[in-house]
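**Student:** Sharing run.cif (mmCIF, C-alpha atoms, pLDDT in the B column; chains and numbers go by the auth columns) below.
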data_my_file
loop_
_atom_site.group_PDB
_atom_site.id
_atom_site.type_symbol
_atom_site.label_atom_id
_atom_site.label_comp_id
_atom_site.label_asym_id
_atom_site.label_seq_id
_atom_site.Cartn_x
_atom_site.Cartn_y
_atom_site.Cartn_z
_atom_site.B_iso_or_equiv
_atom_site.auth_seq_id
_atom_site.auth_asym_id
ATOM 1 C CA MET A 1 6.942 -12.885 -17.459 68.00 1 K
ATOM 2 C CA THR A 2 8.240 -11.916 -14.050 77.00 2 K
ATOM 3 C CA PHE A 3 7.186 -10.664 -10.630 78.00 3 K
ATOM 4 C CA GLY A 4 3.617 -11.950 -10.986 86.00 4 K
ATOM 5 C CA GLY A 5 2.992 -10.261 -14.329 93.00 5 K
ATOM 6 C CA ILE A 6 3.669 -10.287 -18.049 95.00 6 K
ATOM 7 C CA TRP A 7 5.243 -7.182 -19.598 96.00 7 K
ATOM 8 C CA ARG A 8 5.082 -7.336 -23.417 96.00 8 K
ATOM 9 C CA GLY A 9 7.337 -5.726 -26.006 94.00 9 K
ATOM 10 C CA LYS A 10 9.855 -2.937 -25.638 93.00 10 K
ATOM 11 C CA GLU A 11 7.342 -0.590 -23.974 95.00 11 K
ATOM 12 C CA GLY A 12 6.428 -3.215 -21.368 95.00 12 K
ATOM 13 C CA ILE A 13 10.088 -3.918 -20.633 91.00 13 K
ATOM 14 C CA ARG A 14 10.702 -0.167 -20.282 93.00 14 K
ATOM 15 C CA ARG A 15 7.838 0.128 -17.769 94.00 15 K
ATOM 16 C CA LEU A 16 9.300 -2.702 -15.689 91.00 16 K
ATOM 17 C CA TYR A 17 13.077 -2.335 -15.872 89.00 17 K
ATOM 18 C CA VAL A 18 13.303 1.440 -16.221 91.00 18 K
ATOM 19 C CA GLU A 19 10.225 3.147 -14.781 92.00 19 K
ATOM 20 C CA ARG A 20 9.266 0.633 -12.050 88.00 20 K
ATOM 21 C CA PHE A 21 12.890 0.259 -10.923 85.00 21 K
ATOM 22 C CA GLN A 22 13.363 4.043 -10.906 87.00 22 K
ATOM 23 C CA LYS A 23 10.273 4.481 -8.737 84.00 23 K
ATOM 24 C CA ARG A 24 11.119 1.684 -6.297 82.00 24 K
ATOM 25 C CA PHE A 25 14.893 1.607 -6.121 82.00 25 K
ATOM 26 C CA THR A 26 16.954 4.292 -7.859 84.00 26 K
ATOM 27 C CA HIS A 27 15.511 7.720 -6.959 81.00 27 K
ATOM 28 C CA GLY A 28 14.290 8.253 -10.539 85.00 28 K
ATOM 29 C CA THR A 29 17.674 7.470 -12.121 86.00 29 K
ATOM 30 C CA ASN A 30 17.989 4.949 -14.950 85.00 30 K
ATOM 31 C CA GLY A 31 21.055 2.924 -14.086 81.00 31 K
ATOM 32 C CA PRO A 32 23.348 2.247 -11.140 85.00 32 K
ATOM 33 C CA ILE A 33 23.440 4.770 -8.307 88.00 33 K
ATOM 34 C CA ASP A 34 25.578 5.203 -5.202 91.00 34 K
ATOM 35 C CA GLY A 35 24.249 3.311 -2.223 91.00 35 K
ATOM 36 C CA PHE A 36 22.109 0.736 -4.060 90.00 36 K
ATOM 37 C CA LEU A 37 23.235 -2.892 -4.400 92.00 37 K
ATOM 38 C CA LEU A 38 21.538 -5.287 -6.813 90.00 38 K
ATOM 39 C CA ASP A 39 23.805 -8.250 -7.582 91.00 39 K
ATOM 40 C CA HIS A 40 21.835 -10.775 -9.602 88.00 40 K
ATOM 41 C CA PRO A 41 24.159 -13.675 -10.538 92.00 41 K
ATOM 42 C CA GLN A 42 22.808 -16.564 -12.586 92.00 42 K
ATOM 43 C CA LEU A 43 24.015 -20.015 -11.541 95.00 43 K
ATOM 44 C CA GLN A 44 23.590 -23.645 -12.637 94.00 44 K
ATOM 45 C CA ASP A 45 22.867 -22.590 -16.229 94.00 45 K
ATOM 46 C CA ILE A 46 21.460 -25.171 -18.631 94.00 46 K
ATOM 47 C CA VAL A 47 21.287 -24.080 -22.285 96.00 47 K
ATOM 48 C CA ASP A 48 19.710 -26.173 -25.025 95.00 48 K
ATOM 49 C CA ILE A 49 19.972 -25.069 -28.665 97.00 49 K
ATOM 50 C CA ALA A 50 17.139 -26.325 -30.844 96.00 50 K
ATOM 51 C CA GLU A 51 17.809 -28.287 -34.016 96.00 51 K
ATOM 52 C CA ASP A 52 16.960 -25.188 -36.077 97.00 52 K
ATOM 53 C CA GLY A 53 20.151 -23.551 -34.712 97.00 53 K
ATOM 54 C CA VAL A 54 18.369 -20.234 -34.131 98.00 54 K
ATOM 55 C CA THR A 55 16.289 -20.972 -31.026 98.00 55 K
ATOM 56 C CA ALA A 56 17.689 -21.697 -27.590 98.00 56 K
ATOM 57 C CA HIS A 57 16.150 -22.302 -24.189 97.00 57 K
ATOM 58 C CA ALA A 58 18.037 -21.612 -20.995 97.00 58 K
ATOM 59 C CA ARG A 59 17.350 -22.299 -17.339 96.00 59 K
ATOM 60 C CA ALA A 60 19.358 -20.710 -14.540 96.00 60 K
ATOM 61 C CA ARG A 61 18.984 -20.115 -10.841 95.00 61 K
ATOM 62 C CA SER A 62 19.441 -16.638 -9.408 95.00 62 K
ATOM 63 C CA MET A 63 20.703 -15.840 -5.926 94.00 63 K
ATOM 64 C CA MET A 64 20.333 -12.071 -5.589 93.00 64 K
ATOM 65 C CA GLN A 65 21.803 -9.829 -2.914 93.00 65 K
ATOM 66 C CA ALA A 66 20.234 -6.378 -2.697 91.00 66 K
ATOM 67 C CA GLY A 67 20.239 -3.397 -0.410 91.00 67 K
ATOM 68 C CA ARG A 68 20.173 0.317 0.147 90.00 68 K
ATOM 69 C CA HIS A 69 22.927 1.945 2.178 92.00 69 K
ATOM 70 C CA LYS A 70 21.764 4.028 5.140 92.00 70 K
ATOM 71 C CA ASP A 71 23.450 7.159 3.731 92.00 71 K
ATOM 72 C CA HIS A 72 21.496 6.975 0.433 88.00 72 K
ATOM 73 C CA CYS A 73 17.834 6.940 1.500 86.00 73 K
ATOM 74 C CA ASP A 74 14.733 9.030 0.986 83.00 74 K
ATOM 75 C CA PRO A 75 12.893 9.558 4.308 84.00 75 K
ATOM 76 C CA ASN A 76 9.728 10.503 2.384 84.00 76 K
ATOM 77 C CA ASN A 77 9.526 7.176 0.511 79.00 77 K
ATOM 78 C CA PRO A 78 9.369 3.877 2.465 76.00 78 K
ATOM 79 C CA MET A 79 10.507 1.982 -0.654 73.00 79 K
ATOM 80 C CA LEU A 80 13.752 3.991 -0.479 78.00 80 K
ATOM 81 C CA ALA A 81 14.501 3.285 3.202 84.00 81 K
ATOM 82 C CA PRO A 82 17.720 1.545 4.312 90.00 82 K
ATOM 83 C CA ARG A 83 17.356 -2.219 3.951 88.00 83 K
ATOM 84 C CA GLN A 84 19.133 -5.326 2.772 92.00 84 K
ATOM 85 C CA TRP A 85 17.555 -8.481 1.425 90.00 85 K
ATOM 86 C CA TRP A 86 18.009 -11.732 -0.478 93.00 86 K
ATOM 87 C CA GLU A 87 16.039 -13.088 -3.405 92.00 87 K
ATOM 88 C CA GLY A 88 16.115 -16.450 -5.118 93.00 88 K
ATOM 89 C CA GLY A 89 14.455 -17.319 -8.390 93.00 89 K
ATOM 90 C CA ILE A 90 14.518 -19.269 -11.622 93.00 90 K
ATOM 91 C CA TYR A 91 15.098 -17.998 -15.153 94.00 91 K
ATOM 92 C CA GLU A 92 13.489 -20.058 -17.918 94.00 92 K
ATOM 93 C CA ASN A 93 14.301 -17.941 -20.995 96.00 93 K
ATOM 94 C CA THR A 94 13.973 -18.286 -24.760 97.00 94 K
ATOM 95 C CA TYR A 95 16.559 -16.836 -27.159 98.00 95 K
ATOM 96 C CA HIS A 96 16.571 -16.357 -30.932 98.00 96 K
ATOM 97 C CA LYS A 97 19.620 -15.858 -33.139 98.00 97 K
ATOM 98 C CA VAL A 98 19.058 -12.815 -35.360 97.00 98 K
ATOM 99 C CA ASP A 99 21.722 -11.938 -37.927 97.00 99 K
ATOM 100 C CA GLY A 100 24.188 -14.162 -36.081 97.00 100 K
ATOM 101 C CA ILE A 101 23.549 -12.569 -32.659 98.00 101 K
ATOM 102 C CA TRP A 102 21.676 -14.292 -29.824 98.00 102 K
ATOM 103 C CA ARG A 103 18.864 -12.086 -28.488 97.00 103 K
ATOM 104 C CA ILE A 104 16.401 -12.558 -25.651 95.00 104 K
ATOM 105 C CA ALA A 105 12.980 -13.460 -27.077 96.00 105 K
ATOM 106 C CA VAL A 106 11.302 -14.264 -23.735 94.00 106 K
ATOM 107 C CA LEU A 107 12.754 -13.261 -20.375 93.00 107 K
ATOM 108 C CA ASN A 108 10.907 -15.425 -17.890 92.00 108 K
ATOM 109 C CA TYR A 109 12.151 -14.776 -14.355 91.00 109 K
ATOM 110 C CA LEU A 110 10.105 -16.181 -11.502 89.00 110 K
ATOM 111 C CA PRO A 111 11.230 -15.144 -8.028 89.00 111 K
ATOM 112 C CA GLN A 112 10.682 -17.994 -5.581 88.00 112 K
ATOM 113 C CA TRP A 113 11.610 -16.413 -2.282 90.00 113 K
ATOM 114 C CA HIS A 114 12.612 -13.179 -0.584 90.00 114 K
ATOM 115 C CA ALA A 115 14.242 -12.701 2.778 91.00 115 K
ATOM 116 C CA ASP A 116 15.221 -9.840 4.971 89.00 116 K
ATOM 117 C CA PHE A 117 18.966 -10.115 5.561 90.00 117 K
ATOM 118 C CA GLU A 118 18.749 -9.671 9.330 91.00 118 K
ATOM 119 C CA THR A 119 15.982 -12.215 10.015 92.00 119 K
ATOM 120 C CA GLY A 120 16.329 -14.683 7.126 90.00 120 K
ATOM 121 C CA TRP A 121 13.844 -16.556 4.965 88.00 121 K
ATOM 122 C CA ALA A 122 12.182 -18.379 7.879 91.00 122 K
ATOM 123 C CA ASN A 123 10.716 -15.021 8.923 91.00 123 K
ATOM 124 C CA THR A 124 9.826 -13.558 5.538 87.00 124 K
ATOM 125 C CA LYS A 125 6.744 -11.350 5.726 83.00 125 K
ATOM 126 C CA PRO A 126 3.976 -12.006 3.185 78.00 126 K
ATOM 127 C CA GLU A 127 4.481 -9.940 0.032 76.00 127 K
ATOM 128 C CA TYR A 128 7.925 -8.781 1.159 77.00 128 K
ATOM 129 C CA VAL A 129 8.369 -7.590 -2.428 77.00 129 K
ATOM 130 C CA PRO A 130 4.735 -7.334 -3.568 81.00 130 K
ATOM 131 C CA PHE A 131 3.547 -8.564 -6.931 86.00 131 K
ATOM 132 C CA PRO A 132 1.534 -6.076 -8.992 90.00 132 K
ATOM 133 C CA LYS A 133 -2.224 -6.029 -8.382 92.00 133 K
ATOM 134 C CA GLU A 134 -3.272 -3.973 -11.431 95.00 134 K
ATOM 135 C CA VAL A 135 -2.337 -3.968 -15.095 97.00 135 K
ATOM 136 C CA TYR A 136 -1.205 -1.113 -17.308 97.00 136 K
ATOM 137 C CA PRO A 137 -2.552 1.599 -17.710 97.00 137 K
ATOM 138 C CA ALA A 138 -4.319 1.520 -14.292 97.00 138 K
ATOM 139 C CA ASP A 139 -0.818 0.923 -12.874 96.00 139 K
ATOM 140 C CA PRO A 140 1.469 3.157 -15.013 95.00 140 K
ATOM 141 C CA THR A 141 4.424 0.780 -14.511 93.00 141 K
ATOM 142 C CA GLY A 142 2.302 -2.363 -14.334 94.00 142 K
ATOM 143 C CA PRO A 143 2.254 -5.459 -16.491 96.00 143 K
ATOM 144 C CA ASP A 144 0.091 -6.067 -19.534 97.00 144 K
ATOM 145 C CA ALA A 145 -1.386 -9.112 -17.760 96.00 145 K
ATOM 146 C CA LEU A 146 -1.257 -10.639 -14.283 95.00 146 K
ATOM 147 C CA ILE A 147 -0.072 -14.196 -13.730 89.00 147 K
ATOM 148 C CA GLU A 148 -2.909 -16.157 -12.154 81.00 148 K
ATOM 149 C CA ASP A 149 -0.803 -18.671 -10.254 75.00 149 K
ATOM 150 C CA ALA A 150 2.028 -16.451 -8.974 77.00 150 K
ATOM 151 C CA TRP A 151 3.489 -17.672 -5.686 81.00 151 K
ATOM 152 C CA LEU A 152 6.318 -17.069 -3.270 85.00 152 K
ATOM 153 C CA TRP A 153 7.904 -18.834 -0.333 84.00 153 K
ATOM 154 C CA PRO A 154 6.675 -20.437 1.872 83.00 154 K
ATOM 155 C CA THR A 155 4.469 -21.776 -0.936 79.00 155 K
ATOM 156 C CA HIS A 156 6.638 -24.045 -3.036 75.00 156 K
ATOM 157 C CA LYS A 157 6.345 -25.795 -6.377 74.00 157 K
ATOM 158 C CA VAL A 158 8.579 -26.560 -9.321 76.00 158 K
ATOM 159 C CA VAL A 159 8.984 -23.909 -12.030 80.00 159 K
ATOM 160 C CA PRO A 160 8.290 -25.641 -15.377 80.00 160 K
ATOM 161 C CA PHE A 161 11.384 -26.809 -17.262 86.00 161 K
ATOM 162 C CA HIS A 162 11.937 -26.323 -20.992 88.00 162 K
ATOM 163 C CA MET A 163 13.538 -29.766 -21.212 89.00 163 K
ATOM 164 C CA LYS A 164 12.533 -33.297 -20.307 88.00 164 K
ATOM 165 C CA HIS A 165 13.907 -35.120 -17.282 85.00 165 K
ATOM 166 C CA PRO A 166 17.463 -36.214 -18.188 84.00 166 K
ATOM 167 C CA VAL A 167 16.996 -39.741 -16.787 91.00 167 K
ATOM 168 C CA THR A 168 13.305 -40.615 -17.338 91.00 168 K
ATOM 169 C CA GLY A 169 12.787 -38.591 -20.529 91.00 169 K
ATOM 170 C CA ARG A 170 9.418 -37.418 -19.161 90.00 170 K
ATOM 171 C CA GLU A 171 8.058 -33.863 -19.032 88.00 171 K
ATOM 172 C CA ILE A 172 8.803 -32.132 -15.726 82.00 172 K
ATOM 173 C CA VAL A 173 5.430 -30.914 -14.506 78.00 173 K
ATOM 174 C CA ALA A 174 5.063 -27.890 -12.245 72.00 174 K
ATOM 175 C CA GLU A 175 3.045 -28.989 -9.271 72.00 175 K
ATOM 176 C CA ARG A 176 2.790 -28.589 -5.537 68.00 176 K
ATOM 177 C CA TRP A 177 2.883 -31.430 -3.049 70.00 177 K
ATOM 178 C CA GLN A 178 -0.687 -32.574 -2.328 71.00 178 K
ATOM 179 C CA GLY A 179 -0.092 -32.335 1.433 73.00 179 K
ATOM 180 C CA ASP A 180 0.593 -28.585 1.078 73.00 180 K
ATOM 181 C CA ILE A 181 -2.566 -28.118 -0.983 76.00 181 K
ATOM 182 C CA ASP A 182 -4.650 -30.016 1.591 79.00 182 K
ATOM 183 C CA ARG A 183 -3.160 -28.056 4.505 78.00 183 K
ATOM 184 C CA GLU A 184 -3.880 -24.741 2.731 78.00 184 K
ATOM 185 C CA ARG A 185 -7.463 -25.785 1.957 84.00 185 K
ATOM 186 C CA THR A 186 -8.034 -26.833 5.603 84.00 186 K
ATOM 187 C CA ALA A 187 -6.654 -23.517 6.888 81.00 187 K
ATOM 188 C CA ARG A 188 -8.961 -21.555 4.563 82.00 188 K
ATOM 189 C CA SER A 189 -11.964 -23.655 5.647 84.00 189 K
ATOM 190 C CA ALA A 190 -11.198 -22.958 9.321 80.00 190 K
ATOM 191 C CA VAL A 191 -11.182 -19.190 8.645 78.00 191 K
ATOM 192 C CA ASN A 192 -14.512 -19.348 6.786 74.00 192 K
ATOM 193 C CA VAL A 193 -16.334 -21.268 9.572 63.00 193 K
#
Let me see the structure of the file written as structure tokens.

**Tutor:**
Amino acid sequence: MTFGGIWRGKEGIRRLYVERFQKRFTHGTNGPIDGFLLDHPQLQDIVDIAEDGVTAHARARSMMQAGRHKDHCDPNNPMLAPRQWWEGGIYENTYHKVDGIWRIAVLNYLPQWHADFETGWANTKPEYVPFPKEVYPADPTGPDALIEDAWLWPTHKVVPFHMKHPVTGREIVAERWQGDIDRERTARSAVNV
């Protein structure tokens, strides 16, 4: 689950991390290329290994820096224009130990915000990095399913946690502040009048 969609199995992952990335970022190349930056560090990691010893859940925050150097662009493709941007998101992954080796079972990355480097996150345009609108095969690199409640900054809510609150012991529920919901509803009503 990532970028507003769910890509399933090895073929789904290939569509997302090979084909979609090639189309949008790497001039059709699978792998790093000159002039394209995509640093995606994971910070504040929390890993919990289940009692079975073969399942683990991990949560980490990402603070990505990305960009395309002006000398490595494609003037015929706006997605391959010179640009530099930030992205922040949360990983909430599941791992399984198979034959003694930890493997990703569910890669769940939810971007929370994007920002143009020059103008910052206070000026982020809607759908700066757009979520998919169609599923595979209508979109050849699209997800198998769309996420109904995908959101980005300036909308804000908590990404669900795999663990309980360390102090209260209660489930940490993903929800938005009611004031934001009310303000959004009022704005939509004003448009529909």

**Student:** Using all atoms listed in the file, what table do you get, as a tab-separated table, when you list each residue of stretch 6-56 of chain K with an atom no more than 12 Å from stretch 149-161 of chain K, its nearest pair of atoms, and their distance in Å rounded to one decimal, rows by chain then rising number?

**Tutor:**
residue	atom	partner	partner_atom	distance
K:Ile6	CA	K:Ala150	CA	11.1
K:Ile46	CA	K:Phe161	CA	10.3
K:Val47	CA	K:Phe161	CA	11.4
K:Asp48	CA	K:Phe161	CA	11.4

**Student:** Counting only C-alpha atoms, figure out which residue out of K:Gln44, K:Thr141, K:Val106, K:Lys125 gets nearest to K:Phe21.

**Tutor:**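 Answer, going by the shortest atom-to-atom distance: K:Thr141.
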
**Student:** Under the rule that only C-alpha atoms are counted, which of K:Gly100, K:Pro32, K:Gly142, K:Val135 is the nearest residue to K:Arg20?

**Tutor:** K:Gly142

**Student:** What lies within 9 Å of K:Ala115 using only C-alpha atoms, ignoring chain neighbours under 3 positions off, as an MDAnalysis selection string?

**Tutor:** chainID K and resid 84:88 118:125 128

**Student:** Please return, as a count of residues only, all polymer residues that have at least one atom within 10 Å of the point (17.8, -12.9, -25.8); use only C-alpha atoms and the file's own coordinate frame.

**Tutor:** 17

**Student:** Please measure the separation of atom CA of K:Leu37 and atom CA of K:Gly67, giving the value in Å to one decimal.

**Tutor:**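 Between these atoms lies a distance of 5.0 Å.
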
**Student:** What is the distance, in Å and to one decimal place, between atom CA of K:Pro130 and atom CA of K:Asn108?

**Tutor:** 17.6 Å

**Student:** Since I can't run it myself right now, could you work out what the PyMOL selection byres ((chain K and resi 132) around 10) selects here and report it as a list in words?

**Tutor:** Phe3, Gly4, Gly5, Val129, Pro130, Phe131, Lys133, Glu134, Val135, Asp139, Thr141, Gly142, Pro143, Ala145, Leu146 and Ile147 of chain K

**Student:** Extract, using all atoms listed in the file, all DNA, RNA and protein residues at most 8 Å from K:Leu80, discarding same-chain residues fewer than 4 positions from it, and format them as a ChimeraX atom specification.

**Tutor:** /K:24-25,27,68,73-75

**Student:** Work out how far atom CA of K:Gln65 is from atom CA of K:Pro111, in Å to one decimal.

**Tutor:** 12.9 Å

**Student:** Go through the shown structure with the PyMOL selection byres ((chain K and resi 39) around 8) and write out the matching residues as a ChimeraX atom specification.

**Tutor:** /K:37-38,40-41,64-66
